[in-house]
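Below is the file final-v2.cif, which contains mmCIF, C-alpha atoms and all ligand atoms.
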data_structure
#
loop_
_atom_site.label_atom_id
_atom_site.label_comp_id
_atom_site.auth_asym_id
_atom_site.auth_seq_id
_atom_site.Cartn_x
_atom_site.Cartn_y
_atom_site.Cartn_z
CA MET N 1 107.62 153.11 66.67
CA GLY N 2 104.61 151.35 68.28
CA TRP N 3 103.91 147.62 68.39
CA HIS N 4 101.14 147.97 65.84
CA SER N 5 103.26 149.61 63.18
CA PRO N 6 102.23 148.28 59.73
CA ALA N 7 105.92 147.99 58.83
CA LEU N 8 106.61 145.66 61.77
CA LEU N 9 103.52 143.58 61.12
CA ALA N 10 104.41 143.18 57.46
CA GLU N 11 107.88 141.88 58.34
CA ALA N 12 106.73 139.59 61.16
CA PRO N 13 107.06 135.92 60.24
CA ASP N 14 103.77 134.05 59.88
CA ALA N 15 103.55 132.12 63.15
CA ARG N 16 100.69 129.89 62.04
CA PRO N 17 101.38 126.17 61.54
CA ARG N 18 102.43 125.43 57.95
CA ILE N 19 99.19 123.59 57.20
CA GLU N 20 97.10 126.65 58.09
CA ARG N 21 98.79 128.68 55.37
CA THR N 22 97.62 126.31 52.64
CA ALA N 23 94.42 124.68 53.92
CA VAL N 24 90.85 125.83 54.40
CA THR N 25 90.36 125.62 58.15
CA ARG N 26 86.99 124.69 59.62
CA VAL N 27 86.23 124.22 63.30
CA HIS N 28 83.63 121.63 64.34
CA GLY N 29 83.36 121.85 68.13
CA ALA N 30 86.60 120.50 69.63
CA LEU N 31 87.78 119.30 66.22
CA THR N 32 89.69 121.46 63.75
CA CYS N 33 89.66 120.22 60.16
CA TYR N 34 92.17 121.37 57.54
CA GLU N 35 90.72 120.81 54.10
CA VAL N 36 93.44 120.19 51.51
CA ARG N 37 93.82 118.80 48.01
CA ALA N 38 95.52 115.39 47.88
CA ARG N 39 98.84 115.47 46.03
CA THR N 40 98.86 111.70 45.97
CA ALA N 41 96.34 109.05 47.02
CA LEU N 42 98.06 105.65 46.90
CA GLU N 43 101.14 105.39 49.08
CA ALA N 44 103.57 102.47 49.07
CA HIS N 45 103.08 100.14 52.02
CA PRO N 46 104.97 96.94 52.98
CA ASP N 47 101.89 94.82 52.13
CA GLY N 48 100.93 96.72 48.97
CA TRP N 49 99.33 100.17 48.99
CA ALA N 50 97.73 102.44 51.55
CA VAL N 51 95.22 105.24 51.17
CA SER N 52 93.96 107.55 53.92
CA PRO N 53 91.37 110.30 53.52
CA TYR N 54 92.27 111.71 56.95
CA ARG N 55 95.58 112.48 58.66
CA GLY N 56 95.28 112.76 62.41
CA CYS N 57 92.67 111.00 64.51
CA ALA N 58 90.26 112.02 67.24
CA HIS N 59 90.42 108.51 68.70
CA ALA N 60 93.64 109.83 70.23
CA CYS N 61 95.42 106.52 70.85
CA ARG N 62 98.59 107.28 72.76
CA TYR N 63 100.58 104.72 70.78
CA CYS N 64 99.39 105.68 67.29
CA ALA N 65 102.21 105.09 64.81
CA ALA N 66 100.87 107.79 62.46
CA ARG N 67 101.60 110.64 64.89
CA ARG N 68 104.94 111.64 63.40
CA GLY N 69 103.28 112.81 60.15
CA HIS N 70 101.79 115.83 61.92
CA ARG N 71 105.26 117.28 62.48
CA TYR N 72 105.65 117.83 58.73
CA LEU N 73 102.53 120.01 58.82
CA GLY N 74 103.94 122.32 61.48
CA LEU N 75 101.79 120.66 64.15
CA ASP N 76 102.82 118.56 67.12
CA ALA N 77 102.57 114.78 67.20
CA GLY N 78 100.73 114.84 70.54
CA ALA N 79 97.52 116.76 71.25
CA ASP N 80 97.45 118.36 67.77
CA PHE N 81 97.29 114.90 66.18
CA ASP N 82 94.19 114.18 68.29
CA SER N 83 92.31 117.40 67.62
CA ARG N 84 93.56 118.77 64.25
CA VAL N 85 92.71 116.50 61.37
CA VAL N 86 93.74 116.97 57.76
CA VAL N 87 90.90 116.15 55.37
CA ARG N 88 91.94 115.31 51.82
CA THR N 89 88.71 116.41 50.24
CA ASP N 90 89.47 115.47 46.61
CA ILE N 91 91.22 112.18 47.37
CA VAL N 92 88.70 110.08 45.43
CA ARG N 93 89.32 111.96 42.18
CA ARG N 94 93.07 111.48 42.68
CA LEU N 95 92.60 107.82 43.65
CA ARG N 96 90.64 107.04 40.48
CA ARG N 97 93.43 108.51 38.39
CA GLU N 98 96.11 106.52 40.22
CA LEU N 99 94.11 103.26 40.08
CA ALA N 100 94.08 103.68 36.32
CA GLY N 101 97.81 104.50 36.27
CA LYS N 102 100.42 103.63 38.86
CA TRP N 103 98.42 100.96 40.71
CA ASP N 104 99.94 97.48 40.12
CA GLY N 105 97.08 95.30 41.33
CA ARG N 106 98.35 94.78 44.87
CA ALA N 107 95.97 95.03 47.85
CA VAL N 108 95.09 98.39 49.38
CA SER N 109 94.89 99.18 53.12
CA VAL N 110 92.51 102.01 53.97
CA GLY N 111 92.76 104.27 57.02
CA LEU N 112 96.24 103.79 58.44
CA ALA N 113 97.09 107.51 58.85
CA GLY N 114 93.86 108.22 60.75
CA ASP N 115 90.74 106.13 61.33
CA CYS N 116 88.71 106.49 58.13
CA TYR N 117 85.45 106.27 60.11
CA GLN N 118 86.35 108.75 62.84
CA HIS N 119 84.02 111.67 63.61
CA ALA N 120 85.26 113.73 60.64
CA GLU N 121 83.80 111.10 58.29
CA GLU N 122 80.32 111.93 59.60
CA ILE N 123 80.91 115.44 58.30
CA TYR N 124 82.79 114.76 55.03
CA ARG N 125 81.39 111.37 53.95
CA ILE N 126 84.35 110.44 51.79
CA MET N 127 84.40 106.69 52.42
CA PRO N 128 81.41 105.57 50.29
CA HIS N 129 83.01 107.24 47.28
CA LEU N 130 86.48 105.91 48.09
CA ALA N 131 85.19 102.34 48.55
CA GLY N 132 83.28 102.69 45.30
CA ALA N 133 86.42 103.72 43.40
CA LEU N 134 88.40 100.75 44.78
CA ALA N 135 85.60 98.29 44.02
CA GLU N 136 85.16 99.57 40.46
CA ALA N 137 88.90 99.11 39.86
CA GLY N 138 88.70 95.54 41.17
CA ALA N 139 91.08 96.29 44.02
CA ALA N 140 91.21 93.98 47.02
CA PHE N 141 91.03 96.30 50.01
CA THR N 142 90.89 96.21 53.79
CA VAL N 143 89.41 98.97 55.90
CA HIS N 144 91.07 99.51 59.29
CA THR N 145 88.84 101.06 61.94
CA LYS N 146 87.69 101.11 65.53
CA SER N 147 84.46 102.95 64.75
CA PRO N 148 80.87 101.66 64.46
CA LEU N 149 80.30 104.31 61.78
CA VAL N 150 81.66 101.72 59.31
CA LEU N 151 78.27 99.97 59.62
CA ARG N 152 76.75 102.85 57.64
CA ASP N 153 78.67 101.53 54.59
CA ALA N 154 78.45 97.79 55.34
CA GLU N 155 76.34 97.07 52.27
CA LEU N 156 78.74 98.93 50.00
CA LEU N 157 81.75 97.20 51.51
CA ALA N 158 80.16 93.75 51.20
CA ALA N 159 79.23 94.44 47.56
CA GLY N 160 82.74 95.73 46.86
CA GLY N 161 84.44 92.64 48.30
CA ALA N 162 86.14 94.61 51.10
CA SER N 163 87.23 93.18 54.40
CA VAL N 164 87.45 95.08 57.66
CA MET N 165 90.02 94.87 60.44
CA VAL N 166 88.76 96.13 63.80
CA SER N 167 91.40 96.73 66.42
CA VAL N 168 90.76 95.26 69.88
CA ALA N 169 94.02 94.93 71.77
CA PHE N 170 92.57 94.42 75.25
CA VAL N 171 89.19 94.34 76.95
CA ASP N 172 90.08 96.30 80.10
CA ASP N 173 88.06 99.48 79.74
CA GLN N 174 90.05 101.31 82.41
CA VAL N 175 93.18 100.96 80.27
CA ARG N 176 91.20 101.88 77.16
CA ARG N 177 89.99 105.15 78.73
CA LEU N 178 93.59 106.16 79.41
CA VAL N 179 95.33 104.88 76.30
CA GLU N 180 92.59 105.25 73.65
CA PRO N 181 90.53 108.06 75.18
CA GLY N 182 88.60 108.99 72.05
CA ALA N 183 87.88 105.46 70.82
CA PRO N 184 84.78 103.33 71.40
CA SER N 185 84.95 100.75 74.20
CA ALA N 186 86.17 97.21 73.50
CA GLN N 187 82.59 95.99 74.02
CA LYS N 188 81.31 98.33 71.28
CA ARG N 189 84.07 97.18 68.93
CA LEU N 190 83.29 93.52 69.60
CA GLU N 191 79.63 94.23 68.86
CA LEU N 192 80.84 95.87 65.65
CA VAL N 193 82.74 92.72 64.66
CA ALA N 194 79.56 90.66 65.11
CA ALA N 195 77.42 93.20 63.23
CA LEU N 196 79.80 93.28 60.26
CA ALA N 197 79.89 89.49 60.08
CA GLU N 198 76.08 89.46 60.13
CA ARG N 199 76.01 91.86 57.21
CA GLY N 200 78.35 89.71 55.13
CA VAL N 201 81.53 91.75 55.56
CA PRO N 202 84.53 89.52 56.47
CA CYS N 203 85.87 91.04 59.66
CA GLY N 204 89.11 90.19 61.42
CA VAL N 205 90.50 91.62 64.61
CA ALA N 206 93.88 93.25 64.99
CA MET N 207 94.83 92.42 68.58
CA SER N 208 97.09 95.38 68.44
CA PRO N 209 98.89 96.81 70.23
CA ILE N 210 99.46 94.47 73.15
CA LEU N 211 100.97 96.78 75.79
CA PRO N 212 103.95 95.28 77.63
CA LEU N 213 103.36 94.92 81.38
CA LEU N 214 99.92 96.53 81.10
CA THR N 215 97.79 94.18 79.01
CA ASP N 216 100.04 91.15 78.48
CA SER N 217 99.33 88.90 81.47
CA PRO N 218 98.11 85.38 80.62
CA ASP N 219 94.68 86.23 82.09
CA GLN N 220 94.38 89.44 80.08
CA LEU N 221 95.44 87.76 76.85
CA SER N 222 93.08 84.87 77.43
CA ALA N 223 90.09 87.10 78.23
CA THR N 224 90.72 89.20 75.12
CA VAL N 225 91.10 86.26 72.72
CA ARG N 226 88.05 84.53 74.22
CA ARG N 227 85.84 87.57 73.65
CA ILE N 228 87.20 88.16 70.15
CA ALA N 229 86.33 84.54 69.29
CA ALA N 230 82.86 84.90 70.84
CA ALA N 231 82.23 87.98 68.67
CA GLY N 232 82.64 85.86 65.53
CA ALA N 233 85.87 87.35 64.16
CA ALA N 234 87.10 85.75 60.93
CA GLY N 235 90.70 85.85 62.13
CA LEU N 236 93.03 87.45 64.63
CA GLU N 237 96.32 89.21 64.09
CA PRO N 238 98.36 89.80 67.28
CA ARG N 239 100.91 92.59 67.38
CA VAL N 240 103.01 93.90 70.24
CA LEU N 241 103.31 97.68 70.76
CA ARG N 242 105.71 99.49 68.39
CA LEU N 243 107.08 102.85 69.37
CA PRO N 244 108.27 104.77 66.31
CA PRO N 245 109.20 108.47 66.70
CA GLY N 246 106.14 110.57 67.47
CA ALA N 247 104.34 107.73 69.21
CA ARG N 248 107.39 106.99 71.32
CA GLU N 249 107.60 110.39 73.04
CA TRP N 250 103.81 110.72 73.55
CA TYR N 251 103.36 107.19 74.92
CA LEU N 252 106.44 107.25 77.16
CA ALA N 253 105.45 110.64 78.61
CA TRP N 254 102.09 109.12 79.57
CA LEU N 255 103.81 106.03 80.99
CA ALA N 256 106.15 108.13 83.12
CA GLU N 257 103.18 110.02 84.53
CA ARG N 258 100.82 107.07 85.12
CA HIS N 259 103.23 104.16 85.62
CA PRO N 260 106.63 105.55 86.61
CA GLY N 261 107.65 102.13 87.93
CA LEU N 262 107.52 100.69 84.40
CA VAL N 263 109.77 103.25 82.69
CA GLU N 264 112.99 101.34 83.29
CA ARG N 265 111.56 98.06 82.01
CA TYR N 266 110.30 99.82 78.87
CA ALA N 267 113.76 101.32 78.35
CA GLU N 268 115.11 97.75 78.33
CA LEU N 269 112.38 96.40 76.06
CA TYR N 270 112.63 99.28 73.56
CA GLY N 271 116.33 100.00 73.89
CA LYS N 272 117.15 99.06 70.31
CA GLY N 273 114.48 100.96 68.39
CA PRO N 274 110.74 101.05 67.74
CA ASP N 275 110.20 97.29 68.13
CA ALA N 276 110.05 95.52 71.46
CA ASP N 277 112.73 92.99 72.33
CA ALA N 278 112.47 90.08 69.87
CA GLY N 279 112.33 87.40 72.58
CA TYR N 280 109.49 89.18 74.36
CA THR N 281 107.57 89.67 71.10
CA ALA N 282 107.92 86.02 70.11
CA ARG N 283 106.77 84.84 73.54
CA ILE N 284 103.67 87.05 73.64
CA THR N 285 102.55 86.51 70.04
CA GLY N 286 103.16 82.76 70.50
CA GLN N 287 100.86 82.79 73.55
CA VAL N 288 98.17 84.64 71.62
CA CYS N 289 98.39 82.24 68.67
CA GLU N 290 98.01 79.27 71.03
CA LEU N 291 94.98 80.91 72.64
CA ALA N 292 93.51 81.68 69.23
CA THR N 293 93.78 78.02 68.24
CA ARG N 294 92.24 76.96 71.55
CA TYR N 295 89.24 79.25 70.98
CA GLY N 296 88.83 78.17 67.36
CA LEU N 297 90.23 81.32 65.75
CA ARG N 298 92.54 81.52 62.80
CA PRO N 299 95.60 83.53 63.98
CA ALA N 300 95.83 85.66 60.84
CA PRO N 301 93.94 88.51 59.19
CA PRO N 302 90.92 87.56 57.05
CA ALA N 303 91.68 86.67 53.45
CA VAL N 304 91.29 89.70 51.21
CA ARG N 305 88.90 88.78 48.44
CA PRO N 306 89.01 90.50 45.05
CA ALA N 307 85.90 92.51 44.27
CA PRO N 308 83.18 90.46 42.56
CA ALA N 309 83.10 91.17 38.83
CA ALA N 310 79.57 92.60 39.01
CA ALA N 311 80.58 95.04 41.72
CA ARG N 312 83.38 96.36 39.55
CA GLN N 313 80.86 97.54 37.01
CA LEU N 314 78.66 99.32 39.52
CA SER N 315 79.03 102.75 40.91
CA LEU N 316 78.64 102.35 44.64
CA LEU N 317 77.98 106.01 45.27
S1 LIG I 401 92.24 104.72 65.85
FE1 LIG I 401 94.03 104.11 64.66
S2 LIG I 401 94.58 105.93 63.48
FE2 LIG I 401 93.23 106.58 65.13
S3 LIG I 401 94.59 107.22 66.80
FE3 LIG I 401 94.01 105.08 67.14
S4 LIG I 401 95.67 103.89 66.18
FE4 LIG I 401 95.79 105.98 65.34
#
Could you show the structure in this file as structure tokens?
Amino acid sequence: MGWHSPALLAEAPDARPRIERTAVTRVHGALTCYEVRARTALEAHPDGWAVSPYRGCAHACRYCAARRGHRYLGLDAGADFDSRVVVRTDIVRRLRRELAGKWDGRAVSVGLAGDCYQHAEEIYRIMPHLAGALAEAGAAFTVHTKSPLVLRDAELLAAGGASVMVSVAFVDDQVRRLVEPGAPSAQKRLELVAALAERGVPCGVAMSPILPLLTDSPDQLSATVRRIAAAGAAGLEPRVLRLPPGAREWYLAWLAERHPGLVERYAELYGKGPDADAGYTARITGQVCELATRYGLRPAPPAVRPAPAAARQLSLL
């Protein structure tokens, strides 16, 4: 019996990743998009609810806490997460239904499982519709992004009462190229903060993640906070690197390759789980909060405003 026997082929297990058996797959250059229907839109989150039109992220941050989710799709949490993005094409229809049903009025965070303004959004243009649905429901919502593409929707976000959190953890572009290879530079993100503020969108900065022994020196922290303040951020939220499963393996593999001398110290800092040693975390976030006060910044995220009543009546599409 030859290798191409129909009987053998019929019995061979389907070796494709699980997601490819159920999704419509489209390739856009280096990016593969899996188009799926959303089974749910609003997901429980410690601060309220979260909604993400995309899973996976071409910004490719080594530390991304959302990486583990790709394993459930039959993909890996490393390079696949960076280049194979799940697009939940009907998420707005599902979201409207859930806002009218299970939603309990708590705030909504947008874009935690993959930057909602990454390159795929240029192709699928889901965010204007999603922001419109949240605004019409009167939901207070915060968009999390590193991408200047959010400026495309600034008017809609301002009208809908949204706030934006832009992540700028450090201003050293050499580190950025290695750790966040697909993301815009810190300079571009700081310009984005200023541009959003100009357009009337309250914009805070997540100084996250501060990387132990790589971006946590007093000079580095000071330079970062100073530039965040100069950009006109409405507030600053410092957070030290977390290493949950998925992110942990991918980040530590990079560390061992680029900074083998730091591996042992990281093992000590992260010996008890995904969070860094509590004493270290308190010291670093305390330093950042002091710097924030010195530079006139409020060390907290911007207040999430409810959508203005008029905006709730309008379709923002
Ligand atoms: S931009 Fe955000 S979602 Fe995208 S890889 Fe980086 S941390 Fe993850």
List the neighbours of N:Tyr63 out to 7 Å using all atoms listed in the file; skip same-chain residues closer than 3 positions along the sequence, and give me the result as a list in words.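 My list of contacting residues is Leu243, Ala247 and Tyr251 of chain N.
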Identify the residues around (99.4, 83.5, 71.7) within a radius of 12 Å, measuring from only C-alpha atoms in the coordinates stated by the file, and give them as a ChimeraX atom specification. /N:207,210,216-226,236-240,280-295,297-300
Residues of chain N within 10 Å of ligand LIG 401 (chain I): nearest atom pair and distance (Å, one decimal) for each, counting all atoms listed in the file, sorted by chain and number, as CSV?
residue,atom,partner,partner_atom,distance
N:Ser52,CA,I:LIG401,S2,9.7
N:Tyr54,CA,I:LIG401,S2,9.0
N:Arg55,CA,I:LIG401,S2,8.2
N:Gly56,CA,I:LIG401,S2,6.9
N:Cys57,CA,I:LIG401,FE2,4.5
N:Ala58,CA,I:LIG401,S3,6.5
N:His59,CA,I:LIG401,S3,4.8
N:Ala60,CA,I:LIG401,S3,4.4
N:Cys61,CA,I:LIG401,S3,4.2
N:Arg62,CA,I:LIG401,S3,7.2
N:Tyr63,CA,I:LIG401,S4,6.8
N:Cys64,CA,I:LIG401,FE4,4.1
N:Ala65,CA,I:LIG401,FE4,6.5
N:Ala66,CA,I:LIG401,FE4,6.1
N:Arg67,CA,I:LIG401,FE4,7.5
N:Phe81,CA,I:LIG401,S3,8.2
N:Asp82,CA,I:LIG401,S3,7.1
N:Gly111,CA,I:LIG401,S2,6.9
N:Leu112,CA,I:LIG401,S2,5.7
N:Ala113,CA,I:LIG401,S2,5.5
N:Gly114,CA,I:LIG401,S2,3.6
N:Asp115,CA,I:LIG401,S2,4.4
N:Cys116,CA,I:LIG401,S2,8.0
N:Tyr117,CA,I:LIG401,S1,9.0
N:Gln118,CA,I:LIG401,FE2,7.6
N:His144,CA,I:LIG401,FE1,7.7
N:Thr145,CA,I:LIG401,S1,6.3
N:Lys146,CA,I:LIG401,S1,5.8
N:Ser147,CA,I:LIG401,S1,8.1
N:Val166,CA,I:LIG401,S1,9.5
N:Ser167,CA,I:LIG401,FE1,8.0
N:Val179,CA,I:LIG401,FE3,9.3
N:Glu180,CA,I:LIG401,FE3,6.7
N:Pro181,CA,I:LIG401,FE3,9.3
N:Gly182,CA,I:LIG401,S3,8.2
N:Ala183,CA,I:LIG401,S1,6.7
N:Pro184,CA,I:LIG401,S1,9.4
N:Ser208,CA,I:LIG401,S4,8.9
N:Pro209,CA,I:LIG401,S4,8.8
N:Ala247,CA,I:LIG401,FE4,9.5
Taking all atoms listed in the file into account, which of N:Leu178, N:Met127, N:Val86, N:Val164 comes nearest N:Trp254?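 Answer, going by the shortest atom-to-atom distance: N:Leu178.
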How many Å separate atom CA of N:Tyr34 from atom CA of N:Arg84?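 Those two atoms sit 7.3 Å apart.
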One decimal, in Å: what's the spacing between atom CA of N:Val85 and atom CA of N:Glu35? 8.7 Å
Shortest interatomic distance to N:Ala158 - which of N:Leu75, N:Val201, N:Ala186, N:Leu134, counting all atoms listed in the file: N:Val201
12 Å contact set for stretch 265-273 of chain N, all atoms listed in the file, chain neighbours under 3 positions out, as an mmCIF file with C-alpha atoms, in the coordinates of the input:
data_model
loop_
_atom_site.group_PDB
_atom_site.id
_atom_site.type_symbol
_atom_site.label_atom_id
_atom_site.label_comp_id
_atom_site.auth_asym_id
_atom_site.auth_seq_id
_atom_site.Cartn_x
_atom_site.Cartn_y
_atom_site.Cartn_z
ATOM 1 C CA LEU N 211 100.970 96.780 75.790
ATOM 2 C CA PRO N 212 103.950 95.280 77.630
ATOM 3 C CA LEU N 213 103.360 94.920 81.380
ATOM 4 C CA LEU N 214 99.920 96.530 81.100
ATOM 5 C CA VAL N 240 103.010 93.900 70.240
ATOM 6 C CA LEU N 241 103.310 97.680 70.760
ATOM 7 C CA ARG N 242 105.710 99.490 68.390
ATOM 8 C CA LEU N 243 107.080 102.850 69.370
ATOM 9 C CA PRO N 244 108.270 104.770 66.310
ATOM 10 C CA PRO N 245 109.200 108.470 66.700
ATOM 11 C CA ARG N 248 107.390 106.990 71.320
ATOM 12 C CA TYR N 251 103.360 107.190 74.920
ATOM 13 C CA LEU N 252 106.440 107.250 77.160
ATOM 14 C CA ALA N 253 105.450 110.640 78.610
ATOM 15 C CA LEU N 255 103.810 106.030 80.990
ATOM 16 C CA ALA N 256 106.150 108.130 83.120
ATOM 17 C CA HIS N 259 103.230 104.160 85.620
ATOM 18 C CA PRO N 260 106.630 105.550 86.610
ATOM 19 C CA GLY N 261 107.650 102.130 87.930
ATOM 20 C CA LEU N 262 107.520 100.690 84.400
ATOM 21 C CA ALA N 276 110.050 95.520 71.460
ATOM 22 C CA ASP N 277 112.730 92.990 72.330
ATOM 23 C CA ALA N 278 112.470 90.080 69.870
ATOM 24 C CA GLY N 279 112.330 87.400 72.580
ATOM 25 C CA TYR N 280 109.490 89.180 74.360
ATOM 26 C CA THR N 281 107.570 89.670 71.100
#
Of the listed residues N:Ala140, N:Leu190, N:Leu156, N:Ala77, that which approaches N:Gly232 most closely, counting all atoms listed in the file: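 The closest residue to N:Gly232 is N:Leu190.
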Residues near N:Thr25, anyone? I mean within 12 Å using all atoms listed in the file, not counting same-chain ones fewer than 2 positions away, as a PyMOL selection string. chain N and resi 16-17+19-23+27-28+31-36+84-87
Quick one: everything within 8 Å of N:Arg106, counting all atoms listed in the file, minus sequence neighbours fewer than 2 positions away in the same chain. Send it as JSON, numbers by chain. {"N": [48, 49, 103, 104, 108, 139, 140]}
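You can rank N:Gly69, N:Gly161, N:Pro128, N:Gly78 by their closest distance to N:Ala107 using all atoms listed in the file, and at the top of that list sits N:Gly161.
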Pairwise distance for atom CA of N:Ala100 and atom CA of N:Pro53, rounded to one decimal in Å: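 Rounded to one decimal, the two atoms are 18.6 Å apart.
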Could you work out an axis-aligned box for stretch 12-31 of chain N, taking every atom the file lists and adding 6 Å on each side, and report centre and edge lengths in Å to one decimal, as JSON?
{"center_x": 95.2, "center_y": 129.4, "center_z": 61.1, "size_x": 35.7, "size_y": 32.3, "size_z": 29.0}
Closest of N:Val263, N:Val175, N:Ala229, N:Ala169 to N:Ala206, counting only C-alpha atoms, is N:Ala169
For stretch 191-208 of chain N, supply N, CA and C atoms and format the output as a compact mmCIF listing (two decimals), in the frame of the given file.
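So out_9.txt came out as:
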# COMPACT_ATOMS: atom_id res chain seq x y z
N GLU N 191 80.98 94.24 69.46
CA GLU N 191 79.63 94.23 68.86
C GLU N 191 79.72 94.59 67.38
N LEU N 192 80.64 95.47 67.05
CA LEU N 192 80.84 95.87 65.65
C LEU N 192 81.32 94.68 64.81
N VAL N 193 82.24 93.90 65.37
CA VAL N 193 82.74 92.72 64.66
C VAL N 193 81.56 91.80 64.33
N ALA N 194 80.71 91.55 65.32
CA ALA N 194 79.56 90.66 65.11
C ALA N 194 78.60 91.26 64.08
N ALA N 195 78.37 92.56 64.15
CA ALA N 195 77.42 93.20 63.23
C ALA N 195 77.94 93.17 61.80
N LEU N 196 79.23 93.34 61.61
CA LEU N 196 79.80 93.28 60.26
C LEU N 196 79.68 91.86 59.70
N ALA N 197 80.00 90.88 60.54
CA ALA N 197 79.89 89.49 60.08
C ALA N 197 78.46 89.18 59.66
N GLU N 198 77.50 89.66 60.47
CA GLU N 198 76.08 89.46 60.13
C GLU N 198 75.70 90.06 58.79
N ARG N 199 76.33 91.18 58.46
CA ARG N 199 76.01 91.86 57.21
C ARG N 199 76.85 91.36 56.03
N GLY N 200 77.61 90.31 56.24
CA GLY N 200 78.35 89.71 55.13
C GLY N 200 79.68 90.36 54.83
N VAL N 201 80.21 91.14 55.77
CA VAL N 201 81.53 91.75 55.56
C VAL N 201 82.56 90.94 56.37
N PRO N 202 83.53 90.28 55.71
CA PRO N 202 84.53 89.52 56.47
C PRO N 202 85.28 90.46 57.41
N CYS N 203 85.29 90.11 58.68
CA CYS N 203 85.87 91.04 59.66
C CYS N 203 86.85 90.31 60.56
N GLY N 204 88.10 90.72 60.52
CA GLY N 204 89.11 90.19 61.42
C GLY N 204 89.38 91.18 62.53
N VAL N 205 90.14 90.74 63.51
CA VAL N 205 90.50 91.62 64.61
C VAL N 205 92.02 91.74 64.68
N ALA N 206 92.47 92.99 64.71
CA ALA N 206 93.88 93.25 64.99
C ALA N 206 94.00 93.34 66.51
N MET N 207 94.60 92.34 67.12
CA MET N 207 94.83 92.42 68.58
C MET N 207 96.12 93.21 68.75
N SER N 208 95.93 94.51 68.60
CA SER N 208 97.09 95.38 68.44
C SER N 208 96.76 96.80 68.94
